[in-house]
file query-v5.cif (mmCIF, C-alpha atoms and all ligand atoms)
data_protein
loop_
_atom_site.label_atom_id
_atom_site.label_comp_id
_atom_site.auth_asym_id
_atom_site.auth_seq_id
_atom_site.Cartn_x
_atom_site.Cartn_y
_atom_site.Cartn_z
CA MET X 1 115.67 -38.37 12.83
CA ILE X 2 114.06 -40.42 10.10
CA GLU X 3 116.56 -42.39 8.01
CA HIS X 4 116.79 -41.60 4.30
CA THR X 5 116.97 -44.12 1.48
CA ASN X 6 118.40 -43.58 -2.01
CA GLU X 7 114.97 -42.66 -3.31
CA THR X 8 114.84 -39.37 -1.45
CA ASN X 9 116.38 -37.26 -4.19
CA LEU X 10 113.12 -36.25 -5.86
CA ALA X 11 111.48 -35.82 -2.44
CA LYS X 12 114.25 -33.40 -1.38
CA ARG X 13 113.97 -31.47 -4.62
CA THR X 14 110.18 -31.34 -4.26
CA VAL X 15 110.39 -29.95 -0.72
CA ASN X 16 113.01 -27.42 -1.94
CA GLN X 17 110.61 -26.44 -4.70
CA ILE X 18 107.71 -25.98 -2.25
CA GLU X 19 110.00 -23.67 -0.26
CA LYS X 20 110.87 -21.71 -3.40
CA VAL X 21 107.21 -21.23 -4.31
CA ALA X 22 105.75 -20.62 -0.88
CA GLY X 23 108.66 -19.59 1.36
CA THR X 24 110.36 -21.29 4.30
CA TYR X 25 108.79 -21.17 7.75
CA PRO X 26 111.29 -22.61 10.23
CA GLY X 27 109.93 -25.32 12.48
CA TYR X 28 106.75 -25.79 10.45
CA ARG X 29 105.54 -28.57 8.16
CA ARG X 30 106.37 -27.78 4.52
CA ALA X 31 102.69 -28.24 3.65
CA HIS X 32 99.59 -28.01 5.87
CA ALA X 33 101.70 -25.88 8.21
CA LYS X 34 98.85 -24.47 10.27
CA GLY X 35 97.03 -27.05 12.34
CA GLU X 36 96.29 -28.36 15.81
CA LEU X 37 96.31 -31.78 17.43
CA TYR X 38 93.38 -33.37 19.25
CA GLU X 39 92.75 -36.50 21.30
CA ALA X 40 90.12 -38.94 20.09
CA THR X 41 88.88 -42.51 20.23
CA PHE X 42 87.81 -44.71 17.36
CA THR X 43 85.17 -47.43 17.77
CA PRO X 44 84.71 -49.93 14.93
CA THR X 45 81.26 -51.16 13.95
CA GLY X 46 82.76 -54.59 13.13
CA GLU X 47 81.45 -54.43 9.56
CA ALA X 48 84.98 -54.24 8.12
CA GLY X 49 86.07 -57.38 10.03
CA LYS X 50 85.47 -59.68 7.09
CA TYR X 51 87.80 -57.60 4.91
CA THR X 52 90.69 -56.88 7.27
CA MET X 53 92.56 -58.18 10.28
CA ALA X 54 93.58 -54.63 11.30
CA ALA X 55 92.35 -54.55 14.90
CA HIS X 56 90.99 -51.00 14.91
CA LEU X 57 88.78 -51.67 11.88
CA ALA X 58 87.80 -55.20 12.84
CA GLU X 59 86.94 -55.16 16.53
CA THR X 60 88.99 -53.04 18.96
CA GLU X 61 88.28 -49.52 20.22
CA VAL X 62 91.54 -47.54 20.08
CA PRO X 63 92.84 -44.10 21.06
CA ALA X 64 93.75 -41.76 18.21
CA ILE X 65 95.40 -38.40 17.57
CA VAL X 66 93.78 -36.12 15.03
CA ARG X 67 95.29 -33.09 13.31
CA PHE X 68 93.09 -30.62 11.44
CA SER X 69 94.99 -28.32 9.12
CA ASN X 70 94.99 -25.75 6.36
CA VAL X 71 96.68 -26.71 3.14
CA TRP X 72 99.27 -23.95 2.75
CA PRO X 73 102.96 -24.03 3.71
CA ASN X 74 102.67 -20.51 5.21
CA PRO X 75 101.29 -20.87 8.76
CA GLN X 76 100.08 -17.23 8.73
CA THR X 77 97.67 -17.77 5.81
CA PRO X 78 94.13 -16.78 6.88
CA ASP X 79 91.79 -19.76 7.23
CA ALA X 80 89.37 -18.36 4.65
CA LEU X 81 92.07 -18.71 1.96
CA SER X 82 92.49 -22.43 2.55
CA VAL X 83 89.53 -23.97 0.79
CA VAL X 84 91.15 -27.39 0.97
CA LYS X 85 91.49 -28.64 4.53
CA GLY X 86 93.25 -31.61 6.05
CA MET X 87 92.27 -34.18 8.64
CA SER X 88 95.03 -36.57 9.68
CA VAL X 89 94.29 -39.44 12.02
CA GLN X 90 96.81 -41.66 13.79
CA PHE X 91 95.21 -44.74 15.34
CA HIS X 92 97.17 -46.32 18.20
CA LEU X 93 96.57 -50.07 18.02
CA PRO X 94 97.45 -52.74 20.58
CA ASN X 95 101.07 -54.02 20.36
CA GLU X 96 102.24 -50.50 19.47
CA GLU X 97 101.04 -50.80 15.88
CA ILE X 98 100.12 -47.54 14.16
CA ALA X 99 97.68 -46.81 11.36
CA ASN X 100 97.76 -43.38 9.72
CA LEU X 101 94.85 -42.14 7.65
CA VAL X 102 95.26 -38.72 6.05
CA GLY X 103 92.41 -36.98 4.30
CA THR X 104 91.54 -33.72 2.59
CA THR X 105 88.27 -32.08 1.60
CA ILE X 106 88.77 -32.98 -2.09
CA PRO X 107 88.46 -36.58 -3.33
CA ILE X 108 91.25 -36.45 -5.95
CA PHE X 109 94.84 -35.24 -6.22
CA ILE X 110 96.50 -32.99 -8.80
CA THR X 111 98.85 -35.54 -10.32
CA LYS X 112 99.40 -39.22 -10.79
CA SER X 113 103.19 -39.08 -10.71
CA PRO X 114 105.59 -37.39 -8.27
CA GLN X 115 107.67 -36.04 -11.16
CA THR X 116 104.64 -34.23 -12.61
CA PHE X 117 103.91 -32.76 -9.17
CA PHE X 118 107.47 -31.42 -9.11
CA ASP X 119 107.13 -30.09 -12.68
CA ILE X 120 103.90 -28.27 -11.78
CA LEU X 121 105.63 -26.60 -8.83
CA ASN X 122 108.37 -25.57 -11.22
CA THR X 123 105.84 -24.09 -13.65
CA VAL X 124 103.98 -22.26 -10.88
CA HIS X 125 107.32 -20.84 -9.72
CA SER X 126 107.79 -19.36 -13.19
CA PHE X 127 104.49 -17.42 -13.04
CA GLN X 128 104.74 -13.72 -12.44
CA ASP X 129 104.50 -13.03 -8.65
CA PHE X 130 103.73 -16.79 -8.33
CA LYS X 131 100.10 -15.84 -8.84
CA PRO X 132 98.54 -17.82 -11.68
CA HIS X 133 96.55 -15.51 -13.95
CA PHE X 134 93.94 -16.81 -16.38
CA LYS X 135 96.46 -17.42 -19.18
CA ASP X 136 98.75 -19.28 -16.76
CA THR X 137 95.92 -21.55 -15.68
CA VAL X 138 95.14 -22.34 -19.34
CA LYS X 139 98.85 -23.09 -19.90
CA LEU X 140 98.92 -25.34 -16.86
CA PHE X 141 95.86 -27.30 -18.02
CA ALA X 142 97.33 -27.74 -21.50
CA GLN X 143 100.68 -28.84 -20.17
CA TYR X 144 99.38 -31.16 -17.45
CA PRO X 145 95.97 -32.52 -18.51
CA GLU X 146 95.91 -35.00 -15.61
CA SER X 147 95.68 -32.09 -13.17
CA ARG X 148 92.60 -30.53 -14.80
CA ALA X 149 89.96 -32.40 -12.80
CA ALA X 150 91.50 -31.56 -9.42
CA PHE X 151 92.07 -27.87 -10.23
CA GLN X 152 88.50 -27.52 -11.49
CA MET X 153 87.19 -29.19 -8.37
CA ILE X 154 89.26 -26.89 -6.12
CA ARG X 155 87.91 -23.85 -7.99
CA LYS X 156 84.32 -24.88 -7.24
CA LEU X 157 84.95 -26.09 -3.69
CA GLU X 158 83.23 -24.11 -0.93
CA ASN X 159 84.85 -23.27 2.39
CA THR X 160 83.41 -25.24 5.28
CA ASN X 161 82.27 -23.23 8.29
CA SER X 162 84.10 -25.60 10.64
CA PHE X 163 86.70 -28.36 10.60
CA ALA X 164 83.85 -30.42 12.09
CA THR X 165 81.61 -29.97 9.03
CA GLY X 166 83.96 -31.11 6.26
CA ARG X 167 83.86 -34.41 4.44
CA TYR X 168 87.41 -35.75 4.20
CA TYR X 169 88.76 -38.22 1.62
CA ALA X 170 91.97 -40.26 1.92
CA ILE X 171 92.10 -40.14 -1.92
CA HIS X 172 94.43 -43.11 -2.59
CA ALA X 173 93.37 -46.71 -2.95
CA PHE X 174 94.57 -49.15 -0.30
CA TYR X 175 94.13 -52.91 0.10
CA LEU X 176 92.40 -54.47 3.06
CA VAL X 177 93.69 -57.97 3.80
CA ASN X 178 91.79 -60.50 5.85
CA GLU X 179 92.98 -63.61 7.73
CA LYS X 180 92.57 -65.79 4.62
CA GLY X 181 94.89 -63.43 2.71
CA ILE X 182 92.08 -62.07 0.51
CA ARG X 183 92.92 -58.53 -0.67
CA THR X 184 90.16 -56.01 -1.34
CA PRO X 185 90.84 -52.62 -2.98
CA VAL X 186 89.27 -49.80 -0.96
CA LYS X 187 89.14 -46.06 -0.39
CA PHE X 188 88.40 -44.31 2.91
CA GLU X 189 86.13 -41.32 3.61
CA TRP X 190 85.15 -39.45 6.78
CA GLU X 191 81.57 -38.22 7.01
CA PRO X 192 80.95 -35.48 9.62
CA GLU X 193 78.14 -36.30 12.01
CA ALA X 194 77.33 -32.57 12.21
CA GLY X 195 76.62 -32.63 8.44
CA VAL X 196 78.51 -30.86 5.66
CA GLU X 197 78.12 -27.08 5.98
CA SER X 198 79.78 -24.41 3.88
CA LEU X 199 80.11 -20.64 3.97
CA SER X 200 79.05 -18.06 1.40
CA ILE X 201 81.72 -15.59 0.19
CA LYS X 202 79.94 -12.88 2.19
CA GLU X 203 80.09 -14.95 5.39
CA MET X 204 83.73 -15.82 4.76
CA ALA X 205 84.68 -12.14 4.62
CA THR X 206 83.51 -11.76 8.23
CA LYS X 207 85.70 -14.59 9.56
CA SER X 208 88.84 -14.05 11.61
CA VAL X 209 92.28 -15.24 10.48
CA ASP X 210 92.14 -18.29 12.77
CA TYR X 211 88.39 -18.89 12.78
CA LEU X 212 88.65 -22.64 12.20
CA SER X 213 90.66 -23.58 15.28
CA THR X 214 88.79 -21.03 17.44
CA GLU X 215 85.45 -22.46 16.33
CA LEU X 216 86.55 -26.07 16.83
CA ASN X 217 87.88 -25.40 20.32
CA GLU X 218 84.61 -23.67 21.30
CA ARG X 219 82.60 -26.53 19.81
CA LEU X 220 84.66 -29.08 21.77
CA ASP X 221 84.05 -27.19 25.03
CA LYS X 222 80.37 -28.11 24.58
CA ALA X 223 80.51 -31.63 23.11
CA GLU X 224 82.71 -34.14 21.31
CA VAL X 225 82.92 -33.92 17.53
CA ARG X 226 82.16 -37.09 15.60
CA PHE X 227 83.02 -38.49 12.19
CA ARG X 228 81.90 -41.77 10.66
CA LEU X 229 84.48 -43.72 8.69
CA TYR X 230 83.21 -45.18 5.42
CA ILE X 231 85.08 -47.76 3.37
CA VAL X 232 84.34 -47.76 -0.36
CA ILE X 233 84.77 -51.22 -1.86
CA GLY X 234 86.53 -51.13 -5.24
CA GLU X 235 85.75 -53.31 -8.24
CA SER X 236 88.18 -54.77 -10.76
CA SER X 237 87.65 -51.87 -13.20
CA ASP X 238 88.53 -49.20 -10.56
CA PRO X 239 92.06 -47.79 -10.85
CA THR X 240 94.19 -48.34 -7.75
CA ASP X 241 97.22 -46.44 -9.02
CA ASP X 242 95.65 -43.14 -10.06
CA PRO X 243 94.74 -40.55 -7.40
CA THR X 244 93.49 -38.13 -10.09
CA LYS X 245 90.46 -40.38 -10.73
CA GLU X 246 87.38 -40.93 -8.61
CA TRP X 247 85.70 -44.32 -8.42
CA PRO X 248 82.05 -44.53 -9.54
CA LYS X 249 79.61 -43.12 -6.99
CA GLU X 250 77.53 -46.32 -6.89
CA ARG X 251 80.26 -48.44 -5.28
CA THR X 252 79.31 -50.31 -2.10
CA ARG X 253 80.22 -48.36 1.06
CA ILE X 254 80.40 -49.87 4.49
CA GLU X 255 80.32 -47.93 7.74
CA ALA X 256 83.50 -48.99 9.50
CA GLY X 257 83.33 -47.02 12.73
CA ILE X 258 83.01 -43.75 14.56
CA LEU X 259 85.70 -41.27 15.57
CA ARG X 260 85.04 -39.16 18.66
CA VAL X 261 87.27 -36.09 18.83
CA LYS X 262 87.35 -34.96 22.47
CA SER X 263 89.81 -32.22 23.31
CA LYS X 264 93.08 -30.54 22.37
CA ALA X 265 96.09 -32.82 22.81
CA PRO X 266 98.70 -31.65 25.33
CA VAL X 267 101.68 -31.48 22.95
CA VAL X 268 105.03 -29.93 23.87
CA VAL X 269 106.97 -30.87 20.72
CA ASP X 270 105.00 -31.94 17.68
CA HIS X 271 106.78 -35.11 16.62
CA TYR X 272 103.81 -36.45 14.72
CA VAL X 273 104.37 -37.46 11.12
CA PHE X 274 101.18 -38.58 9.45
CA ASP X 275 102.91 -40.71 6.86
CA PRO X 276 100.02 -42.45 5.07
CA THR X 277 102.15 -45.52 4.30
CA VAL X 278 102.54 -46.40 7.99
CA LEU X 279 99.94 -49.14 8.31
CA PRO X 280 99.29 -52.22 10.44
CA ALA X 281 98.89 -55.83 9.25
CA GLY X 282 95.57 -55.97 7.42
CA ILE X 283 95.99 -52.73 5.42
CA GLU X 284 98.44 -52.34 2.53
CA CYS X 285 99.44 -49.53 0.21
CA SER X 286 98.26 -49.75 -3.37
CA ASP X 287 100.53 -49.33 -6.37
CA ASP X 288 99.82 -45.56 -6.39
CA GLU X 289 103.19 -43.79 -6.90
CA ILE X 290 102.04 -40.61 -5.15
CA LEU X 291 101.08 -42.55 -2.05
CA ARG X 292 104.48 -44.23 -1.86
CA PHE X 293 106.31 -40.95 -2.60
CA ARG X 294 104.64 -39.23 0.33
CA LYS X 295 106.74 -41.31 2.76
CA GLU X 296 109.94 -39.69 1.50
CA ALA X 297 108.49 -36.18 1.20
CA TYR X 298 107.02 -36.22 4.72
CA SER X 299 110.24 -37.55 6.20
CA GLU X 300 112.21 -34.78 4.46
CA SER X 301 109.81 -32.16 5.80
CA TYR X 302 109.98 -33.68 9.29
CA ASN X 303 113.79 -33.75 9.32
CA ARG X 304 113.89 -30.04 8.43
CA ARG X 305 111.20 -28.83 10.79
CA ILE X 306 112.40 -30.80 13.81
CA LYS X 307 115.83 -29.16 13.48
CA GLY X 308 114.09 -25.78 13.47
CA GLU X 309 114.90 -25.21 9.80
C1 LIG X 401 103.29 -35.35 -4.42
C2 LIG X 401 102.43 -35.56 -3.42
C3 LIG X 401 102.52 -34.86 -2.10
C4 LIG X 401 103.54 -34.17 -1.53
C5 LIG X 401 104.92 -33.88 -2.09
C6 LIG X 401 103.08 -33.73 -0.23
C7 LIG X 401 103.83 -32.99 0.68
C8 LIG X 401 103.50 -32.79 2.00
C9 LIG X 401 104.41 -32.38 3.04
C10 LIG X 401 105.88 -32.02 2.83
C11 LIG X 401 103.72 -32.34 4.21
C12 LIG X 401 104.26 -31.98 5.60
C13 LIG X 401 104.66 -33.29 6.32
C14 LIG X 401 105.24 -33.12 7.70
O1 LIG X 401 106.10 -32.25 7.93
O2 LIG X 401 104.87 -33.91 8.61
C15 LIG X 401 102.36 -32.71 3.90
C16 LIG X 401 101.34 -32.77 4.81
C17 LIG X 401 100.05 -33.13 4.49
N1 LIG X 401 99.59 -33.59 3.27
FE1 LIG X 401 100.68 -33.90 1.64
N2 LIG X 401 101.79 -34.16 -0.02
C18 LIG X 401 101.41 -34.86 -1.15
C19 LIG X 401 100.21 -35.46 -1.39
C20 LIG X 401 99.13 -35.38 -0.55
C21 LIG X 401 97.85 -35.99 -0.80
C22 LIG X 401 97.46 -36.83 -2.01
C23 LIG X 401 97.06 -35.68 0.26
C24 LIG X 401 95.64 -36.09 0.42
C25 LIG X 401 95.18 -36.93 1.29
C26 LIG X 401 97.84 -34.88 1.20
C27 LIG X 401 97.42 -34.37 2.41
C28 LIG X 401 98.25 -33.85 3.39
C29 LIG X 401 97.81 -33.51 4.73
C30 LIG X 401 96.39 -33.60 5.28
C31 LIG X 401 98.94 -33.09 5.42
C32 LIG X 401 99.03 -32.66 6.88
C33 LIG X 401 99.56 -33.83 7.68
C34 LIG X 401 99.60 -33.48 9.16
O3 LIG X 401 98.54 -33.13 9.69
O4 LIG X 401 100.68 -33.58 9.76
N3 LIG X 401 99.09 -34.73 0.68
N4 LIG X 401 102.25 -32.99 2.56
#

call {"tool": "encode", "arguments": {"input": "query-v5.cif", "output": "structure tokens", "more": "lines below"}}
Ligand code: HEM
result
Amino acid sequence: MIEHTNETNLAKRTVNQIEKVAGTYPGYRRAHAKGELYEATFTPTGEAGKYTMAAHLAETEVPAIVRFSNVWPNPQTPDALSVVKGMSVQFHLPNEEIANLVGTTIPIFITKSPQTFFDILNTVHSFQDFKPHFKDTVKLFAQYPESRAAFQMIRKLENTNSFATGRYYAIHAFYLVNEKGIRTPVKFEWEPEAGVESLSIKEMATKSVDYLSTELNERLDKAEVRFRLYIVIGESSDPTDDPTKEWPKERTRIEAGILRVKSKAPVVVDHYVFDPTVLPAGIECSDDEILRFRKEAYSESYNRRIKGE
């Protein structure tokens, strides 16, 4: 069991609210419920060594566990209805240090504050049948202007034809810290070596309910699946506390390493919690409230699902 602190109240209420909107599926994650775990290795290029003392980014090849997922809390949701997809990576460093890096196929989040996220869930819950109609969407945009950019992006986002052909963004800003104590604001992105490929609506209609995991497992029978990790270097004008904003496209990007996804992980009980605030020396959380809130929300979800609730 993960210990709770006094700050868990909003996290508990948020997880309750997710359950109210989307239902409860005992034993499953309260978001990104449908997913599978894979074994991988990560090899750094060494280019990030001057920014961070974190071993896996600076110099050491490490084993990793990767979980690809659909966004919804209902594990039965057909893959074609999850335009946003998740890729969670847990790097296992020497000395039992862990680095989690959790990404989705959109580069920004819906809100800047946990309370607004909760309020949006509350508003969605009030919609008829929980299905936002056009007038509801307009209401939502008017009430929560910070969420506009993310919702518009999700509306235009195309479904990828494979978990292996998505570009995944960790969204939040983090700080890399080197041996001299110099802190650099950064963002992380995974670039698929297979290239980004999406499906037309017509192609999507032909896909089976679980096409993404079936396709990935078939792909892995033939060859490993690779992603390159890019680190975007922030400048002083780039917000580090606002996951609803992208940084300018022209920022310097360095290629930090390559992830090789090899095969399905032999998992009996899924104890993995990809809490994005679990980081080794050399990487620190930014002042982004959503990032820090995720620790509590994920622990709440874990405590429920591991008890079979
Ligand atoms: C208010 C903010 C958020 C809340 C309340 C929230 C809630 C949750 C919860 C409850 C889980 C299940 C955790 C578990 O049982 O292990 C989860 C998983 C996940 N979330 Fe979030 N989330 C938030 C923000 C984000 C953001 C900004 C991202 C983008 C990177 C994200 C990506 C994911 C992914 C990829 C997973 C699946 C993790 C896995 O594979 O185990 N979430 N989220």

call {"tool": "residues_near_ligand", "arguments": {"input": "query-v5.cif", "ligand": "ligand LIG 401 (chain X)", "cutoff": "8 Å", "atoms": "all atoms listed in the file", "output": "number ranges by chain"}}
result
X: 11, 14-15, 28-33, 35, 66-69, 71, 85-89, 102-104, 106, 108-111, 113-114, 117-118, 169-172, 243, 272-275, 290-291, 293-294, 297-303, 305

call {"tool": "atom_distance", "arguments": {"input": "query-v5.cif", "atom1": "CA of Asn95 in chain X", "atom2": "CA of Thr60 in chain X"}}
result
12.2 Å

call {"tool": "atom_distance", "arguments": {"input": "query-v5.cif", "atom1": "CA of Val62 in chain X", "atom2": "CA of Thr43 in chain X"}}
result
6.8 Å

call {"tool": "atom_distance", "arguments": {"input": "query-v5.cif", "atom1": "CA of Val83 in chain X", "atom2": "CA of Arg304 in chain X"}}
result
26.2 Å

call {"tool": "residues_around", "arguments": {"input": "query-v5.cif", "residues": "range 228-242 of chain X", "least_positions_apart": "4", "cutoff": "10 Å", "atoms": "all atoms listed in the file", "output": "ChimeraX atom specification"}}
result
/X:42-45,47-48,51,57,108-109,111-113,146,167-169,171-176,184-193,246-260,285-291

call {"tool": "write_last_selection", "arguments": {"input": "query-v5.cif", "atoms": "C-alpha atoms", "output": "mmCIF file, keeping the file's coordinate frame"}}
result
data_model
loop_
_atom_site.group_PDB
_atom_site.id
_atom_site.type_symbol
_atom_site.label_atom_id
_atom_site.label_comp_id
_atom_site.auth_asym_id
_atom_site.auth_seq_id
_atom_site.Cartn_x
_atom_site.Cartn_y
_atom_site.Cartn_z
ATOM 1 C CA PHE X 42 87.810 -44.710 17.360
ATOM 2 C CA THR X 43 85.170 -47.430 17.770
ATOM 3 C CA PRO X 44 84.710 -49.930 14.930
ATOM 4 C CA THR X 45 81.260 -51.160 13.950
ATOM 5 C CA GLU X 47 81.450 -54.430 9.560
ATOM 6 C CA ALA X 48 84.980 -54.240 8.120
ATOM 7 C CA TYR X 51 87.800 -57.600 4.910
ATOM 8 C CA LEU X 57 88.780 -51.670 11.880
ATOM 9 C CA ILE X 108 91.250 -36.450 -5.950
ATOM 10 C CA PHE X 109 94.840 -35.240 -6.220
ATOM 11 C CA THR X 111 98.850 -35.540 -10.320
ATOM 12 C CA LYS X 112 99.400 -39.220 -10.790
ATOM 13 C CA SER X 113 103.190 -39.080 -10.710
ATOM 14 C CA GLU X 146 95.910 -35.000 -15.610
ATOM 15 C CA ARG X 167 83.860 -34.410 4.440
ATOM 16 C CA TYR X 168 87.410 -35.750 4.200
ATOM 17 C CA TYR X 169 88.760 -38.220 1.620
ATOM 18 C CA ILE X 171 92.100 -40.140 -1.920
ATOM 19 C CA HIS X 172 94.430 -43.110 -2.590
ATOM 20 C CA ALA X 173 93.370 -46.710 -2.950
ATOM 21 C CA PHE X 174 94.570 -49.150 -0.300
ATOM 22 C CA TYR X 175 94.130 -52.910 0.100
ATOM 23 C CA LEU X 176 92.400 -54.470 3.060
ATOM 24 C CA THR X 184 90.160 -56.010 -1.340
ATOM 25 C CA PRO X 185 90.840 -52.620 -2.980
ATOM 26 C CA VAL X 186 89.270 -49.800 -0.960
ATOM 27 C CA LYS X 187 89.140 -46.060 -0.390
ATOM 28 C CA PHE X 188 88.400 -44.310 2.910
ATOM 29 C CA GLU X 189 86.130 -41.320 3.610
ATOM 30 C CA TRP X 190 85.150 -39.450 6.780
ATOM 31 C CA GLU X 191 81.570 -38.220 7.010
ATOM 32 C CA PRO X 192 80.950 -35.480 9.620
ATOM 33 C CA GLU X 193 78.140 -36.300 12.010
ATOM 34 C CA GLU X 246 87.380 -40.930 -8.610
ATOM 35 C CA TRP X 247 85.700 -44.320 -8.420
ATOM 36 C CA PRO X 248 82.050 -44.530 -9.540
ATOM 37 C CA LYS X 249 79.610 -43.120 -6.990
ATOM 38 C CA GLU X 250 77.530 -46.320 -6.890
ATOM 39 C CA ARG X 251 80.260 -48.440 -5.280
ATOM 40 C CA THR X 252 79.310 -50.310 -2.100
ATOM 41 C CA ARG X 253 80.220 -48.360 1.060
ATOM 42 C CA ILE X 254 80.400 -49.870 4.490
ATOM 43 C CA GLU X 255 80.320 -47.930 7.740
ATOM 44 C CA ALA X 256 83.500 -48.990 9.500
ATOM 45 C CA GLY X 257 83.330 -47.020 12.730
ATOM 46 C CA ILE X 258 83.010 -43.750 14.560
ATOM 47 C CA LEU X 259 85.700 -41.270 15.570
ATOM 48 C CA ARG X 260 85.040 -39.160 18.660
ATOM 49 C CA CYS X 285 99.440 -49.530 0.210
ATOM 50 C CA SER X 286 98.260 -49.750 -3.370
ATOM 51 C CA ASP X 287 100.530 -49.330 -6.370
ATOM 52 C CA ASP X 288 99.820 -45.560 -6.390
ATOM 53 C CA GLU X 289 103.190 -43.790 -6.900
ATOM 54 C CA ILE X 290 102.040 -40.610 -5.150
ATOM 55 C CA LEU X 291 101.080 -42.550 -2.050
#

call {"tool": "residues_around", "arguments": {"input": "query-v5.cif", "residues": "Ser198 in chain X", "least_positions_apart": "5", "cutoff": "7 Å", "atoms": "only C-alpha atoms", "output": "list in words"}}
result
Glu158, Asn159, Thr160 and Asn161 of chain X
